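Report on the structure given below.
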2 protein chains.
Amino acid sequence: MPLLVVGSVALDSVETPQETRHNVLGGSAVFFSFAASYFTSVKLVSVVGDDWPDAHTQLLKSRNIDTAGLQVVPGEATFRWRGKYLPNMNDRETLEVHLNVFEHFDPVLPDDYRRSKFLFLANGAPMLQLKVLEQAGGAQLAVADTMDLWIREQRPALDQLLRRLDGLVLNDSEAKLLTGEENLVRAGHIVREMGPKFVVIKKGEHGAMFFSKHETYVLPAFPTEQVVDPTGAGDSFAGAMMGFLAERGEFDPVTLKKAMAYGIVVASYTVEAFSLDRLKGISRPEIDQRLSLYQKMLSF
Amino acid sequence: MPLLVVGSVALDSVETPQETRHNVLGGSAVFFSFAASYFTSVKLVSVVGDDWPDAHTQLLKSRNIDTAGLQVVPGEATFRWRGKYLPNMNDRETLEVHLNVFEHFDPVLPDDYRRSKFLFLANGAPMLQLKVLEQAGGAQLAVADTMDLWIREQRPALDQLLRRLDGLVLNDSEAKLLTGEENLVRAGHIVREMGPKFVVIKKGEHGAMFFSKHETYVLPAFPTEQVVDPTGAGDSFAGAMMGFLAERGEFDPVTLKKAMAYGIVVASYTVEAFSLDRLKGISRPEIDQRLSLYQKMLSF
């Protein structure tokens, strides 16, 4: 089944202890779409300025990502993010954020997009996420991501969103911030009690945790020696997870766990290079091969 | 097969954000022995002062731990450690260390101890660990732990020890310190190239990683809401791991991975209370039940 994602499209500048890249393709919806495209067809809704290289749109299209929902606004600049990774490659500092055209992004979904059954609300203000959710009222599975900024500054809207979601994906520090709870197992269930039927806490190099009413589990990251740029790992995790669920057309507990595993495996490719450089070089059989290595790694 | 452990026996004072306990039973060899005792008979070699409560010896004996090698030195005081956990319950500060009688500990193994096939060198100076290793020359499997102090201050002796070990267990920050490498996958293999046939990196709440020439894997911690006191988690991990290997009498890759899983499961009990309070209340069937939950958690 097709998967609809609404979120940011950006030009990133990334500093790592080894290397720096300027204005590379990034943004939550980009990493998400690209990862999901290995599993299902994706409809991308976002906005860019006229500084946006058309080659990026062509790259997305080459992976069967529908970019009809990607508005190009003349006279405006694309969202830009600049960040720096610490030597541990797990923590980072944001050096600059220019929301630019994304600041006033007000997505209006085309009619056929509104009938999407699988919906992901990637990084964006909770009010914007809510507006999209209202337009896509028939979604069977609506999952969102959030971030520290919205937890700190737009809590009432975020609370309203949480009550209407099927699933929420957030990282460990965000889960602690949202709940005031240091123990991640407790934090996960507290977030779940705020509304979503399931919660996924992403732990970067330490994997991801899953919480539903009847299940609590944790899966480790796929161990990799080559961590070049972790940007987009969380979004591509979510993309592969949602992509697999949409491919299967269901989200029972067994399918959800396998989706988590796919998310972890695809994210392990993302970090091996800057931007989409590694992700664009992989194939579904490669993903499946690494998934089966991962499955074997966890068997005893 | 019986398992020999040489290491510290201590009285710990532990502060957590919730509660403080003074002079409770602790020490690397104590947590190790107790955890291992669910799998095999254990011979404990260590030293205490005459402030050592005999009730602690009786508790160890009640679990089939042979304390004939536990010297009590009159006029001396037992090793004492005082530490404080940060709110995340994963990081801690050492507030006081009084080595006391442990400072000049010079273990001489009884004859029947020297024939032990499974040997664990728990926390102690590398020179001391080397001396024990020489006495137990017939060990089939000799594994050691180490810590930041020895990495910083006794590197030549530690390097000598590493060349003679079958396995080394250390935590993530120690692995980074020993190798100067931030990526744990690379760090694990660099340590392995220093001598040990296998290396285990303990990651606290994030589980443990295993490295041999042909294998690299990571297993997550068993998720628990109730983290009361993490002291001894790493030592009881090692105890259950070595205990299971000694019980099986082998250490092929399949047995080693199951041993790692037992280590993780037993450590998840340790953290649920202070000192041995939770460990002493469990049984082998309970351990096996949690192991099977853990195994199910990692299956998809």
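Identifiers in this document derive from the order of the structure tokens: chains are assigned A, B, ..., residues are numbered from 1 separately in each chain, and ligands are numbered from 1 in order of occurrence.
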Contacts from chain B to chain A, 9 Å maximum, only C-alpha atoms: show me the residue list as JSON, numbers by chain.
{"B": [87, 88, 89, 182, 183, 184, 185, 186, 206, 207, 209, 216, 217, 218, 219, 220, 221, 222, 223, 224, 225, 226, 227, 254, 255, 257, 258, 261, 294, 295, 297, 298, 299, 300]}
Enumerate the residues of stretch 129-189 of chain A with a DSSP assignment of helix (DSSP H, G or I), computed from the backbone, and present them as a count of residues only.
35
Can you list, as number ranges by chain, every protein, DNA or RNA residue that comes within 10 Å of B:Glu19 when you count only C-alpha atoms, leaving out same-chain residues fewer than 5 positions away?
B: 14, 228-229, 274
What would the file look like if the residues just selected were written as a JSON list (two decimals), in the first residue's frame with C-alpha atoms?
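New file part00.json:
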```
[["chain", "number", "residue", "atom", "x", "y", "z"],
["B", 14, "VAL", "CA", 26.07, 3.27, 47.61],
["B", 228, "VAL", "CA", 17.58, 0.40, 42.09],
["B", 229, "ASP", "CA", 21.36, -0.08, 42.21],
["B", 274, "PHE", "CA", 20.97, -3.11, 46.47]]
```
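Nearest residue to A:Arg155, choosing from A:Gln140, A:Lys131, A:Pro17, A:Thr179 and counting only C-alpha atoms: A:Thr179.
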DSSP-assigned strand (DSSP E) members of stretch 60-296 of chain B, reported as an MDAnalysis selection string:
chainID B and resid 65:73 79:85 92:98 118:121 141:145 167:171 198:202 208:211 216:219
Residues within 12 Å of B:Asp106, please, as a list of chain:residue names. Count only C-alpha atoms; anything in the same chain fewer than 5 positions from it doesn't count.
B:Val6, B:Gly7, B:Ser8, B:Val45, B:Ser46, B:Val47, B:Gly69, B:Leu70, B:Gln71, B:Val101, B:Gly124, B:Ala125, B:Met127, B:Leu128, B:Gln129, B:Leu130, B:Lys131, B:Val132, B:Gln135
Go ahead and write the selection's residues with N, CA and C atoms as a PDB file, in the first residue's frame.
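What landed in part-v6.pdb:
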```pdb
ATOM      1  N   VAL B   6      39.231 -15.030  41.294  1.00  0.00           N
ATOM      2  CA  VAL B   6      40.099 -14.267  42.182  1.00  0.00           C
ATOM      3  C   VAL B   6      39.768 -12.789  41.972  1.00  0.00           C
ATOM      4  N   GLY B   7      39.437 -12.091  43.045  1.00  0.00           N
ATOM      5  CA  GLY B   7      39.089 -10.677  42.900  1.00  0.00           C
ATOM      6  C   GLY B   7      38.759 -10.057  44.238  1.00  0.00           C
ATOM      7  N   SER B   8      38.148  -8.899  44.180  1.00  0.00           N
ATOM      8  CA  SER B   8      37.908  -8.156  45.416  1.00  0.00           C
ATOM      9  C   SER B   8      36.635  -8.593  46.132  1.00  0.00           C
ATOM     10  N   VAL B  45      38.653 -16.845  45.733  1.00  0.00           N
ATOM     11  CA  VAL B  45      39.927 -16.479  46.350  1.00  0.00           C
ATOM     12  C   VAL B  45      39.963 -14.959  46.533  1.00  0.00           C
ATOM     13  N   SER B  46      40.057 -14.543  47.794  1.00  0.00           N
ATOM     14  CA  SER B  46      40.127 -13.113  48.070  1.00  0.00           C
ATOM     15  C   SER B  46      40.600 -12.905  49.499  1.00  0.00           C
ATOM     16  N   VAL B  47      40.504 -11.672  49.957  1.00  0.00           N
ATOM     17  CA  VAL B  47      40.991 -11.362  51.289  1.00  0.00           C
ATOM     18  C   VAL B  47      40.089 -10.310  51.933  1.00  0.00           C
ATOM     19  N   GLY B  69      39.342 -20.270  50.151  1.00  0.00           N
ATOM     20  CA  GLY B  69      40.354 -19.335  49.655  1.00  0.00           C
ATOM     21  C   GLY B  69      40.119 -17.895  50.086  1.00  0.00           C
ATOM     22  N   LEU B  70      39.166 -17.678  50.971  1.00  0.00           N
ATOM     23  CA  LEU B  70      38.905 -16.314  51.448  1.00  0.00           C
ATOM     24  C   LEU B  70      39.678 -16.092  52.753  1.00  0.00           C
ATOM     25  N   GLN B  71      40.819 -15.438  52.646  1.00  0.00           N
ATOM     26  CA  GLN B  71      41.655 -15.189  53.838  1.00  0.00           C
ATOM     27  C   GLN B  71      41.057 -14.072  54.686  1.00  0.00           C
ATOM     28  N   VAL B 101      43.059  -4.056  53.255  1.00  0.00           N
ATOM     29  CA  VAL B 101      43.769  -5.334  53.184  1.00  0.00           C
ATOM     30  C   VAL B 101      43.984  -5.814  51.738  1.00  0.00           C
ATOM     31  N   GLY B 124      41.382  -6.373  39.767  1.00  0.00           N
ATOM     32  CA  GLY B 124      42.604  -6.432  40.556  1.00  0.00           C
ATOM     33  C   GLY B 124      43.736  -5.927  39.684  1.00  0.00           C
ATOM     34  N   ALA B 125      44.880  -5.629  40.292  1.00  0.00           N
ATOM     35  CA  ALA B 125      46.014  -5.123  39.509  1.00  0.00           C
ATOM     36  C   ALA B 125      46.471  -6.199  38.526  1.00  0.00           C
ATOM     37  N   MET B 127      49.366  -7.149  37.629  1.00  0.00           N
ATOM     38  CA  MET B 127      50.466  -7.976  38.133  1.00  0.00           C
ATOM     39  C   MET B 127      49.931  -9.115  38.984  1.00  0.00           C
ATOM     40  N   LEU B 128      48.919  -8.774  39.791  1.00  0.00           N
ATOM     41  CA  LEU B 128      48.287  -9.782  40.634  1.00  0.00           C
ATOM     42  C   LEU B 128      47.555 -10.808  39.758  1.00  0.00           C
ATOM     43  N   GLN B 129      46.876 -10.318  38.744  1.00  0.00           N
ATOM     44  CA  GLN B 129      46.165 -11.237  37.849  1.00  0.00           C
ATOM     45  C   GLN B 129      47.152 -12.168  37.148  1.00  0.00           C
ATOM     46  N   LEU B 130      48.297 -11.621  36.753  1.00  0.00           N
ATOM     47  CA  LEU B 130      49.326 -12.445  36.100  1.00  0.00           C
ATOM     48  C   LEU B 130      49.851 -13.536  37.034  1.00  0.00           C
ATOM     49  N   LYS B 131      50.046 -13.168  38.301  1.00  0.00           N
ATOM     50  CA  LYS B 131      50.555 -14.151  39.262  1.00  0.00           C
ATOM     51  C   LYS B 131      49.583 -15.304  39.457  1.00  0.00           C
ATOM     52  N   VAL B 132      48.286 -14.955  39.475  1.00  0.00           N
ATOM     53  CA  VAL B 132      47.271 -16.007  39.605  1.00  0.00           C
ATOM     54  C   VAL B 132      47.270 -16.886  38.359  1.00  0.00           C
ATOM     55  N   GLN B 135      49.897 -19.445  38.451  1.00  0.00           N
ATOM     56  CA  GLN B 135      49.626 -20.552  39.379  1.00  0.00           C
ATOM     57  C   GLN B 135      48.594 -21.523  38.817  1.00  0.00           C
TER      58      GLN B 135
END
```
In Å to one decimal, how far is atom CA of A:Phe34 from atom CA of A:Tyr269?
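Here the two named atoms are 12.0 Å from each other.
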For B:Ser275, list every protein, DNA or RNA residue within 9 Å, evaluated using only C-alpha atoms, and leave out those in the same chain fewer than 5 positions away; present the list as a PyMOL selection string.
chain B and resi 12+24-26+31+229-232+270
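Near stretch 53-60 of chain B, within a cut-off of 9 Å and counting only C-alpha atoms, sit the residues Leu25, Val30, Ser33, Phe34, Asn64, Ile65, Asp66, Thr67, Leu70 and Lys280 of chain B, with same-chain residues fewer than 4 positions away left out.
Nearest residue to A:Val73, choosing from A:Asp166, A:Glu193, A:Asp50, A:Glu286 and counting only C-alpha atoms: A:Asp50.
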Measure the distance from atom CA of B:Phe32 to atom CA of B:Met1 in Å and round it to one decimal.
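So the two atoms, atom CA of B:Phe32 and atom CA of B:Met1, lie 15.9 Å apart.
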Counting only C-alpha atoms, which residue out of B:Val48, B:Arg290, B:Glu15, B:Ile151 sits closest to B:Gly180?
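Using only C-alpha atoms, B:Gly180 sits closest to B:Ile151.
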